[in-house]
Amino acid sequence: MEKNDSSQAYPMNGGDGDSSYTNNSSYQKSLSDVAMSLINEAIADMLDTQNFVRGHPFRIADLGCSVGPNTFTTVKNIINSVQHKYQTLKITPMPEFQVFFNDHATNDFNTLFKTLPADKEYFAAGVPGSFYSRLFPSSSVHVIHSSFALHWLSKVPEEVLERGSIAWNKGRVHYAGSDEEVVLAYKKQYVKDTEAFLKARAEEVVCGGLVVVLVPGRPNEVPHSECIGNVLFEVLGCCLLDMAKEGKIDEEKVDSLNIPIYYASPQELKEIVDRNGCFTIEKMKGLPRIVEPETKDHARRLAIGVRVGVEAVLKGHFEDESIDELFQSFSNRLEEQPSLYSSGGAAILFSVLRRNDK
Ligand SMILES: C[S@@+](CC[C@H](N)C(=O)[O-])C[C@H]1O[C@@H](n2cnc3c(N)ncnc32)[C@H](O)[C@@H]1O
C-alpha cells in the first residue's frame, strides 16, 4: 500500500458551536441539494450493476465527509437512488449497504458518529486518512462521493515557501494576484494530487461503479484573478498585511502562510481524467451560481464561511485574538465593498466518472 506521509491536514471546525462546520455549512448544503437530482440521474442511468456480485454488500464512501449533517443527507440520497434502481430492474436480493465516512484522522469523528441518524439503513464505518492515497481494498467500492473537498491540495507547494525560489510567495497567502511562477507551482501540485486521487480510486472502484465529485472551481474562460474564491483570499491576505504594517502580527508569518487550495477549471480536470484512462466522463458541468442579495448579513456569513474553512491553516501561524481581529476586518471589508464578491466567476463543478473495464 502506498503512503502519503507528507500530507497536511486542516479539518473543518468540529463540535456544534457557533463557528463549527455543522452550523456553518448551509452554502455547501444548498449546492449539494442542487446536485442531488443529478446524483439520482447518474445512479439511474450510469451505474452499471452488471458485474456487481448479487447478495454482497453495496459499498458507498464519502471522501472528505467532515462532521455532517451534509454527509448524512448525501448518503441517504445515494442509498434511496440505488434501492430505486434495484427495484426498477427487479434485481434481488436488495443488497445491504455499508457506508465509509472518510476524512483526515484529525477530523472530529466523535461528533460525526454521535450524530449518525438513528434511522440509518446502513452499516457505518470511519476511514481516517488522506484521499490522495489508497483507502480501500481493490475493487471493493461501488459509489464514491466527494463534495467540497478536492480543492484542498495535499500540501502547500514547496517552492512557494522557499526564500530565493522564483516561486517564493512573499506577502501573499494564496496564488491569487501572485506571479505566474506561484500560480504554476499551485497548479503542478493540483495535477499531482488529482492524478494520485484518480490512481487510488481506479484501484478501489469496481467496474461499472461511479465516482461523483462536487468541487468549487473556475469556469474555463475565467482567469484565476477573477475567480471569487481567489478574490476572497486576496482580500484576506491584504487584511493580514495591514495588521502586519500596524505591528500587530509578524510580517514573516504572513510570508510563510499559504492556503493550500486550488480552484481548477473543468478543462484542467478533464485532461487529468483522460490521462488516467480508467474512467469514462459521464457528466462534467458547472452548477448555476446561487446569487444572494448584497446585505450586511451576507457579507458576515461569507466571512464566517471562509473562517470555518481556513481557520485550521491560520491557527498554526497566529494567536486566536489576531485571528478574531483578522476576520472582523475581513468581514468589514466585504461589507463595505460588496462588488468584491457579487460579481466575478465561480463554478461549482459537478462530475460523474464511471470506472471502465480497462
Ligand atoms: C468543506 S469540508 C466538506 C464537507 C462535506 N463533504 C460537505 O460537503 O459538507 C472539506 C473536508 O475535506 C476534508 N479533506 C481535505 N483534504 C482531504 C484529504 N486529502 N483527505 C481526506 N479529507 C480531506 C477536510 O478535512 C474537510 O473535512
# chains A, B, ... in the order shown; residues from 1 in each chain; ligands from 1
call {"tool": "closest_atom_pairs", "arguments": {"of": "chain A", "to": "ligand 1", "cutoff": "6 Å", "atoms": "only C-alpha atoms and all ligand atoms", "output": "Markdown table"}}
result
| residue | atom | partner | partner_atom_place_in_ligand_line | distance |
| --- | --- | --- | --- | --- |
| A:Tyr10 | CA | ligand 1 | 25 (O) | 5.5 |
| A:Pro11 | CA | ligand 1 | 25 (O) | 3.4 |
| A:Met12 | CA | ligand 1 | 27 (O) | 5.0 |
| A:Gln28 | CA | ligand 1 | 9 (O) | 5.4 |
| A:Gly64 | CA | ligand 1 | 12 (O) | 3.6 |
| A:Cys65 | CA | ligand 1 | 6 (N) | 4.1 |
| A:Ser66 | CA | ligand 1 | 27 (O) | 3.5 |
| A:Asn70 | CA | ligand 1 | 9 (O) | 4.9 |
| A:Thr71 | CA | ligand 1 | 5 (C) | 5.8 |
| A:Asp103 | CA | ligand 1 | 22 (N) | 3.8 |
| A:His104 | CA | ligand 1 | 21 (C) | 4.6 |
| A:Asn107 | CA | ligand 1 | 25 (O) | 6.0 |
| A:Gly129 | CA | ligand 1 | 21 (C) | 5.8 |
| A:Ser130 | CA | ligand 1 | 20 (N) | 3.3 |
| A:Phe131 | CA | ligand 1 | 20 (N) | 4.0 |
| A:Tyr132 | CA | ligand 1 | 19 (N) | 5.4 |
| A:Ser146 | CA | ligand 1 | 6 (N) | 5.9 |
| A:Ser147 | CA | ligand 1 | 8 (O) | 4.3 |
| A:Phe148 | CA | ligand 1 | 3 (C) | 4.6 |
| A:Ala149 | CA | ligand 1 | 12 (O) | 4.0 |
| A:Trp152 | CA | ligand 1 | 16 (N) | 5.1 |
| A:Ser154 | CA | ligand 1 | 19 (N) | 5.4 |
call {"tool": "write_last_selection", "arguments": {"atoms": "N, CA, C and O atoms", "output": "compact mmCIF listing (two decimals), in the first residue's frame"}}
result
# COMPACT_ATOMS: atom_id res chain seq x y z
N TYR A 10 -6.06 19.99 7.44
CA TYR A 10 -6.69 21.17 8.03
C TYR A 10 -8.19 20.94 8.10
O TYR A 10 -8.95 21.49 7.29
N PRO A 11 -8.63 20.07 9.05
CA PRO A 11 -10.06 19.77 9.09
C PRO A 11 -10.90 20.99 9.46
O PRO A 11 -10.38 21.96 10.03
N MET A 12 -12.19 20.91 9.14
CA MET A 12 -13.11 22.00 9.48
C MET A 12 -13.29 22.02 11.00
O MET A 12 -13.01 21.05 11.69
N GLN A 28 -22.76 24.93 1.38
CA GLN A 28 -22.44 23.63 0.79
C GLN A 28 -23.70 22.79 0.68
O GLN A 28 -23.91 22.10 -0.31
N GLY A 64 -13.81 13.08 2.47
CA GLY A 64 -13.79 14.46 2.95
C GLY A 64 -15.17 14.79 3.52
O GLY A 64 -15.77 15.80 3.21
N CYS A 65 -15.68 13.89 4.39
CA CYS A 65 -17.08 13.98 4.86
C CYS A 65 -17.27 15.06 5.92
O CYS A 65 -18.38 15.52 6.15
N SER A 66 -16.20 15.45 6.61
CA SER A 66 -16.27 16.40 7.73
C SER A 66 -17.19 15.86 8.84
O SER A 66 -17.17 14.66 9.10
N ASN A 70 -24.27 17.38 6.27
CA ASN A 70 -24.39 17.22 4.82
C ASN A 70 -24.11 15.79 4.36
O ASN A 70 -24.79 15.24 3.51
N THR A 71 -23.07 15.17 4.96
CA THR A 71 -22.69 13.83 4.52
C THR A 71 -23.84 12.84 4.71
O THR A 71 -24.08 11.96 3.87
N ASP A 103 -12.22 11.01 6.25
CA ASP A 103 -11.65 12.35 6.37
C ASP A 103 -10.27 12.17 7.00
O ASP A 103 -9.87 11.04 7.32
N HIS A 104 -9.55 13.28 7.16
CA HIS A 104 -8.26 13.19 7.86
C HIS A 104 -8.49 12.63 9.27
O HIS A 104 -9.56 12.86 9.86
N ASN A 107 -9.99 14.86 11.86
CA ASN A 107 -11.39 15.30 11.76
C ASN A 107 -12.13 14.93 13.05
O ASN A 107 -11.76 13.97 13.73
N GLY A 129 -7.68 9.14 7.01
CA GLY A 129 -6.53 9.17 6.10
C GLY A 129 -6.80 10.07 4.91
O GLY A 129 -7.94 10.45 4.64
N SER A 130 -5.72 10.38 4.21
CA SER A 130 -5.85 11.28 3.06
C SER A 130 -6.40 10.54 1.86
O SER A 130 -5.94 9.45 1.52
N PHE A 131 -7.35 11.18 1.17
CA PHE A 131 -7.90 10.55 -0.04
C PHE A 131 -6.94 10.66 -1.21
O PHE A 131 -7.27 10.25 -2.31
N TYR A 132 -5.77 11.22 -0.99
CA TYR A 132 -4.76 11.21 -2.06
C TYR A 132 -3.94 9.91 -2.02
O TYR A 132 -2.99 9.75 -2.77
N SER A 146 -17.63 12.73 -3.25
CA SER A 146 -16.82 13.70 -2.52
C SER A 146 -17.34 15.09 -2.83
O SER A 146 -17.47 15.45 -4.01
N SER A 147 -17.66 15.87 -1.79
CA SER A 147 -18.12 17.24 -2.07
C SER A 147 -17.33 18.25 -1.25
O SER A 147 -17.01 18.03 -0.08
N PHE A 148 -17.00 19.35 -1.91
CA PHE A 148 -16.30 20.48 -1.29
C PHE A 148 -15.02 20.07 -0.58
O PHE A 148 -14.71 20.56 0.49
N ALA A 149 -14.28 19.17 -1.17
CA ALA A 149 -13.05 18.69 -0.52
C ALA A 149 -11.85 18.65 -1.48
O ALA A 149 -10.72 18.89 -1.06
N TRP A 152 -8.87 21.15 -1.88
CA TRP A 152 -7.79 21.18 -0.89
C TRP A 152 -6.60 20.38 -1.44
O TRP A 152 -6.75 19.19 -1.74
N SER A 154 -2.89 18.46 -1.19
CA SER A 154 -2.34 17.62 -0.12
C SER A 154 -1.35 18.42 0.73
O SER A 154 -1.11 18.08 1.88
call {"tool": "select_by_dssp", "arguments": {"residues": "segment 229-287 of chain A", "states": "helix (DSSP H, G or I)", "output": "PyMOL selection string"}}
result
chain A and resi 229-245+251-256+266-276
call {"tool": "residues_around", "arguments": {"residues": "Ser322 of chain A", "least_positions_apart": "5", "cutoff": "12 Å", "atoms": "only C-alpha atoms", "output": "list in words"}}
result
Cys239, Leu240, Met243, Ala244, Gly247, Lys248, Ile249, Asp250, Glu311, Leu314, Lys315, His317, Phe327, Gln328 and Ser329 of chain A
call {"tool": "write_last_selection", "arguments": {"atoms": "all heavy atoms", "output": "JSON list (two decimals), in the first residue's frame"}}
result
[["chain", "number", "residue", "atom", "x", "y", "z"],
["A", 239, "CYS", "N", -5.85, 42.08, 4.34],
["A", 239, "CYS", "CA", -6.19, 42.39, 5.74],
["A", 239, "CYS", "C", -5.03, 41.97, 6.66],
["A", 239, "CYS", "O", -4.68, 42.69, 7.61],
["A", 239, "CYS", "CB", -7.46, 41.66, 6.18],
["A", 239, "CYS", "SG", -8.93, 42.18, 5.31],
["A", 240, "LEU", "N", -4.43, 40.83, 6.36],
["A", 240, "LEU", "CA", -3.31, 40.35, 7.19],
["A", 240, "LEU", "C", -2.11, 41.28, 7.06],
["A", 240, "LEU", "O", -1.45, 41.62, 8.05],
["A", 240, "LEU", "CB", -2.88, 38.96, 6.73],
["A", 240, "LEU", "CG", -3.50, 37.77, 7.46],
["A", 240, "LEU", "CD1", -3.11, 36.47, 6.80],
["A", 240, "LEU", "CD2", -3.10, 37.75, 8.94],
["A", 243, "MET", "N", -2.51, 44.30, 9.10],
["A", 243, "MET", "CA", -2.22, 44.05, 10.51],
["A", 243, "MET", "C", -0.71, 43.99, 10.75],
["A", 243, "MET", "O", -0.21, 44.44, 11.78],
["A", 243, "MET", "CB", -2.88, 42.73, 10.96],
["A", 243, "MET", "CG", -4.38, 42.85, 11.13],
["A", 243, "MET", "SD", -5.19, 41.26, 11.45],
["A", 243, "MET", "CE", -4.62, 40.85, 13.09],
["A", 244, "ALA", "N", 0.02, 43.46, 9.77],
["A", 244, "ALA", "CA", 1.48, 43.39, 9.92],
["A", 244, "ALA", "C", 2.06, 44.80, 9.90],
["A", 244, "ALA", "O", 2.94, 45.14, 10.72],
["A", 244, "ALA", "CB", 2.07, 42.54, 8.79],
["A", 247, "GLY", "N", 1.92, 46.52, 12.99],
["A", 247, "GLY", "CA", 2.76, 45.90, 14.02],
["A", 247, "GLY", "C", 2.00, 44.89, 14.89],
["A", 247, "GLY", "O", 2.49, 44.48, 15.95],
["A", 248, "LYS", "N", 0.81, 44.51, 14.46],
["A", 248, "LYS", "CA", 0.02, 43.60, 15.29],
["A", 248, "LYS", "C", 0.43, 42.15, 15.10],
["A", 248, "LYS", "O", 0.22, 41.31, 15.97],
["A", 248, "LYS", "CB", -1.48, 43.75, 14.96],
["A", 248, "LYS", "CG", -2.02, 45.10, 15.37],
["A", 248, "LYS", "CD", -3.45, 45.26, 14.90],
["A", 248, "LYS", "CE", -4.01, 46.57, 15.40],
["A", 248, "LYS", "NZ", -5.19, 46.98, 14.66],
["A", 249, "ILE", "N", 0.95, 41.84, 13.93],
["A", 249, "ILE", "CA", 1.46, 40.48, 13.69],
["A", 249, "ILE", "C", 2.79, 40.60, 12.95],
["A", 249, "ILE", "O", 3.12, 41.65, 12.39],
["A", 249, "ILE", "CB", 0.49, 39.60, 12.86],
["A", 249, "ILE", "CG1", 0.09, 40.33, 11.57],
["A", 249, "ILE", "CG2", -0.73, 39.19, 13.65],
["A", 249, "ILE", "CD1", -0.72, 39.47, 10.62],
["A", 250, "ASP", "N", 3.52, 39.52, 12.93],
["A", 250, "ASP", "CA", 4.84, 39.48, 12.34],
["A", 250, "ASP", "C", 4.72, 39.28, 10.81],
["A", 250, "ASP", "O", 4.07, 38.34, 10.36],
["A", 250, "ASP", "CB", 5.55, 38.26, 12.99],
["A", 250, "ASP", "CG", 7.00, 38.18, 12.62],
["A", 250, "ASP", "OD1", 7.40, 38.93, 11.72],
["A", 250, "ASP", "OD2", 7.69, 37.34, 13.24],
["A", 311, "GLU", "N", -9.60, 28.35, 9.09],
["A", 311, "GLU", "CA", -9.10, 28.68, 10.44],
["A", 311, "GLU", "C", -7.97, 27.73, 10.88],
["A", 311, "GLU", "O", -6.99, 28.16, 11.49],
["A", 311, "GLU", "CB", -10.25, 28.64, 11.44],
["A", 311, "GLU", "CG", -9.82, 29.10, 12.82],
["A", 311, "GLU", "CD", -10.97, 29.61, 13.67],
["A", 311, "GLU", "OE1", -12.13, 29.51, 13.24],
["A", 311, "GLU", "OE2", -10.68, 30.11, 14.76],
["A", 314, "LEU", "N", -4.72, 28.92, 9.62],
["A", 314, "LEU", "CA", -4.24, 30.14, 10.29],
["A", 314, "LEU", "C", -3.74, 29.86, 11.71],
["A", 314, "LEU", "O", -2.82, 30.52, 12.20],
["A", 314, "LEU", "CB", -5.38, 31.17, 10.37],
["A", 314, "LEU", "CG", -5.87, 31.68, 9.00],
["A", 314, "LEU", "CD1", -7.21, 32.37, 9.13],
["A", 314, "LEU", "CD2", -4.86, 32.66, 8.42],
["A", 315, "LYS", "N", -4.37, 28.87, 12.36],
["A", 315, "LYS", "CA", -4.04, 28.59, 13.77],
["A", 315, "LYS", "C", -2.58, 28.23, 13.97],
["A", 315, "LYS", "O", -2.01, 28.49, 15.02],
["A", 315, "LYS", "CB", -4.96, 27.50, 14.31],
["A", 315, "LYS", "CG", -6.28, 28.07, 14.76],
["A", 315, "LYS", "CD", -6.99, 27.18, 15.74],
["A", 315, "LYS", "CE", -8.05, 28.00, 16.48],
["A", 315, "LYS", "NZ", -9.28, 27.28, 16.71],
["A", 317, "HIS", "N", -0.22, 29.66, 12.65],
["A", 317, "HIS", "CA", 0.61, 30.86, 12.46],
["A", 317, "HIS", "C", 0.32, 31.99, 13.43],
["A", 317, "HIS", "O", 1.20, 32.78, 13.76],
["A", 317, "HIS", "CB", 0.41, 31.40, 11.03],
["A", 317, "HIS", "CG", 1.01, 30.54, 9.97],
["A", 317, "HIS", "ND1", 0.49, 29.32, 9.61],
["A", 317, "HIS", "CD2", 2.11, 30.72, 9.21],
["A", 317, "HIS", "CE1", 1.23, 28.80, 8.66],
["A", 317, "HIS", "NE2", 2.22, 29.62, 8.40],
["A", 327, "PHE", "N", -10.64, 38.38, 11.04],
["A", 327, "PHE", "CA", -11.93, 38.12, 10.41],
["A", 327, "PHE", "C", -12.92, 39.26, 10.64],
["A", 327, "PHE", "O", -13.84, 39.45, 9.84],
["A", 327, "PHE", "CB", -12.47, 36.75, 10.84],
["A", 327, "PHE", "CG", -11.82, 35.67, 10.02],
["A", 327, "PHE", "CD1", -10.74, 34.97, 10.52],
["A", 327, "PHE", "CD2", -12.22, 35.42, 8.72],
["A", 327, "PHE", "CE1", -10.09, 34.00, 9.76],
["A", 327, "PHE", "CE2", -11.58, 34.47, 7.94],
["A", 327, "PHE", "CZ", -10.52, 33.75, 8.45],
["A", 328, "GLN", "N", -12.71, 40.04, 11.68],
["A", 328, "GLN", "CA", -13.54, 41.23, 11.86],
["A", 328, "GLN", "C", -13.25, 42.21, 10.73],
["A", 328, "GLN", "O", -14.16, 42.73, 10.08],
["A", 328, "GLN", "CB", -13.27, 41.86, 13.23],
["A", 328, "GLN", "CG", -14.25, 42.97, 13.59],
["A", 328, "GLN", "CD", -15.70, 42.49, 13.50],
["A", 328, "GLN", "OE1", -16.08, 41.51, 14.13],
["A", 328, "GLN", "NE2", -16.51, 43.14, 12.67],
["A", 329, "SER", "N", -11.97, 42.44, 10.45],
["A", 329, "SER", "CA", -11.65, 43.41, 9.39],
["A", 329, "SER", "C", -11.99, 42.84, 8.01],
["A", 329, "SER", "O", -12.41, 43.57, 7.12],
["A", 329, "SER", "CB", -10.21, 43.92, 9.49],
["A", 329, "SER", "OG", -9.32, 42.98, 9.02]]
call {"tool": "residues_around", "arguments": {"residues": "Ile304 of chain A", "least_positions_apart": "2", "cutoff": "9 Å", "atoms": "only C-alpha atoms", "output": "PyMOL selection string"}}
result
chain A and resi 19+24+299-302+306-309+327+331
call {"tool": "write_last_selection", "arguments": {"atoms": "N, CA and C atoms", "output": "mmCIF file, in the first residue's frame"}}
result
data_model
loop_
_atom_site.group_PDB
_atom_site.id
_atom_site.type_symbol
_atom_site.label_atom_id
_atom_site.label_comp_id
_atom_site.auth_asym_id
_atom_site.auth_seq_id
_atom_site.Cartn_x
_atom_site.Cartn_y
_atom_site.Cartn_z
ATOM 1 N N SER A 19 -19.035 28.475 15.655
ATOM 2 C CA SER A 19 -18.135 28.511 14.494
ATOM 3 C C SER A 19 -17.825 27.106 13.967
ATOM 4 N N ASN A 24 -22.260 25.894 10.056
ATOM 5 C CA ASN A 24 -21.882 26.879 9.042
ATOM 6 C C ASN A 24 -21.625 26.219 7.693
ATOM 7 N N ALA A 299 -22.487 39.413 3.798
ATOM 8 C CA ALA A 299 -21.040 39.636 3.934
ATOM 9 C C ALA A 299 -20.514 38.943 5.192
ATOM 10 N N ARG A 300 -21.296 39.037 6.258
ATOM 11 C CA ARG A 300 -20.876 38.434 7.529
ATOM 12 C C ARG A 300 -20.831 36.908 7.413
ATOM 13 N N ARG A 301 -21.867 36.345 6.771
ATOM 14 C CA ARG A 301 -21.903 34.876 6.628
ATOM 15 C C ARG A 301 -20.780 34.373 5.726
ATOM 16 N N LEU A 302 -20.488 35.194 4.697
ATOM 17 C CA LEU A 302 -19.402 34.814 3.792
ATOM 18 C C LEU A 302 -18.074 34.776 4.576
ATOM 19 N N VAL A 306 -15.644 31.528 5.194
ATOM 20 C CA VAL A 306 -14.209 31.447 4.872
ATOM 21 C C VAL A 306 -13.443 31.082 6.148
ATOM 22 N N ARG A 307 -13.855 31.654 7.256
ATOM 23 C CA ARG A 307 -13.156 31.379 8.527
ATOM 24 C C ARG A 307 -13.240 29.900 8.907
ATOM 25 N N VAL A 308 -14.445 29.351 8.832
ATOM 26 C CA VAL A 308 -14.629 27.935 9.202
ATOM 27 C C VAL A 308 -13.736 27.058 8.328
ATOM 28 N N GLY A 309 -13.622 27.443 7.049
ATOM 29 C CA GLY A 309 -12.820 26.654 6.119
ATOM 30 C C GLY A 309 -11.326 26.716 6.400
ATOM 31 N N PHE A 327 -10.637 38.382 11.040
ATOM 32 C CA PHE A 327 -11.927 38.125 10.411
ATOM 33 C C PHE A 327 -12.920 39.257 10.641
ATOM 34 N N SER A 331 -14.548 40.825 7.388
ATOM 35 C CA SER A 331 -15.993 40.969 7.290
ATOM 36 C C SER A 331 -16.363 42.428 6.971
#
call {"tool": "atom_distance", "arguments": {"atom1": "atom CA of Lys199 of chain A", "atom2": "atom CA of Ala167 of chain A"}}
result
28.0 Å
call {"tool": "select_by_dssp", "arguments": {"residues": "segment 231-324 of chain A", "states": "strand (DSSP E or B)", "output": "list in words"}}
result
Ile261, Phe279, Thr280, Ile281, Glu282, Lys283, Met284, Lys285, Gly286 and Leu287 of chain A
call {"tool": "write_last_selection", "arguments": {"atoms": "N, CA, C and O atoms", "output": "PDB file, in the first residue's frame"}}
result
ATOM      1  N   ILE A 261      -5.180  25.620  -1.349  1.00  0.00           N
ATOM      2  CA  ILE A 261      -6.438  25.409  -2.086  1.00  0.00           C
ATOM      3  C   ILE A 261      -6.213  25.820  -3.532  1.00  0.00           C
ATOM      4  O   ILE A 261      -5.580  26.843  -3.797  1.00  0.00           O
ATOM      5  N   PHE A 279     -11.362   5.903 -16.309  1.00  0.00           N
ATOM      6  CA  PHE A 279     -12.733   6.378 -16.093  1.00  0.00           C
ATOM      7  C   PHE A 279     -13.314   7.005 -17.362  1.00  0.00           C
ATOM      8  O   PHE A 279     -12.595   7.672 -18.113  1.00  0.00           O
ATOM      9  N   THR A 280     -14.607   6.795 -17.542  1.00  0.00           N
ATOM     10  CA  THR A 280     -15.324   7.487 -18.615  1.00  0.00           C
ATOM     11  C   THR A 280     -16.012   8.684 -17.968  1.00  0.00           C
ATOM     12  O   THR A 280     -16.658   8.516 -16.913  1.00  0.00           O
ATOM     13  N   ILE A 281     -15.859   9.843 -18.577  1.00  0.00           N
ATOM     14  CA  ILE A 281     -16.544  11.022 -18.016  1.00  0.00           C
ATOM     15  C   ILE A 281     -17.998  10.974 -18.472  1.00  0.00           C
ATOM     16  O   ILE A 281     -18.303  11.179 -19.640  1.00  0.00           O
ATOM     17  N   GLU A 282     -18.885  10.676 -17.552  1.00  0.00           N
ATOM     18  CA  GLU A 282     -20.304  10.587 -17.893  1.00  0.00           C
ATOM     19  C   GLU A 282     -20.959  11.963 -17.829  1.00  0.00           C
ATOM     20  O   GLU A 282     -21.908  12.240 -18.539  1.00  0.00           O
ATOM     21  N   LYS A 283     -20.454  12.789 -16.936  1.00  0.00           N
ATOM     22  CA  LYS A 283     -21.007  14.134 -16.817  1.00  0.00           C
ATOM     23  C   LYS A 283     -19.946  15.052 -16.228  1.00  0.00           C
ATOM     24  O   LYS A 283     -19.201  14.654 -15.326  1.00  0.00           O
ATOM     25  N   MET A 284     -19.857  16.273 -16.760  1.00  0.00           N
ATOM     26  CA  MET A 284     -18.977  17.282 -16.159  1.00  0.00           C
ATOM     27  C   MET A 284     -19.622  18.624 -16.469  1.00  0.00           C
ATOM     28  O   MET A 284     -19.659  19.051 -17.619  1.00  0.00           O
ATOM     29  N   LYS A 285     -20.207  19.252 -15.457  1.00  0.00           N
ATOM     30  CA  LYS A 285     -20.901  20.510 -15.737  1.00  0.00           C
ATOM     31  C   LYS A 285     -20.816  21.449 -14.532  1.00  0.00           C
ATOM     32  O   LYS A 285     -20.641  21.003 -13.392  1.00  0.00           O
ATOM     33  N   GLY A 286     -20.928  22.739 -14.828  1.00  0.00           N
ATOM     34  CA  GLY A 286     -20.938  23.738 -13.752  1.00  0.00           C
ATOM     35  C   GLY A 286     -22.360  23.885 -13.237  1.00  0.00           C
ATOM     36  O   GLY A 286     -23.305  23.873 -14.019  1.00  0.00           O
ATOM     37  N   LEU A 287     -22.531  23.983 -11.928  1.00  0.00           N
ATOM     38  CA  LEU A 287     -23.865  24.211 -11.384  1.00  0.00           C
ATOM     39  C   LEU A 287     -24.141  25.713 -11.363  1.00  0.00           C
ATOM     40  O   LEU A 287     -23.221  26.515 -11.191  1.00  0.00           O
TER      41      LEU A 287
END
call {"tool": "closest_residue", "arguments": {"among": "A:Leu257, A:Ile91, A:Ile348, A:Ala303", "to": "Pro219 of chain A", "atoms": "only C-alpha atoms"}}
result
A:Ile348
call {"tool": "residues_around", "arguments": {"residues": "Thr73 of chain A", "least_positions_apart": "6", "cutoff": "9 Å", "atoms": "only C-alpha atoms", "output": "count of residues only"}}
result
3
call {"tool": "atom_distance", "arguments": {"atom1": "atom CA of Gln189 of chain A", "atom2": "atom CA of Ser265 of chain A"}}
result
14.6 Å
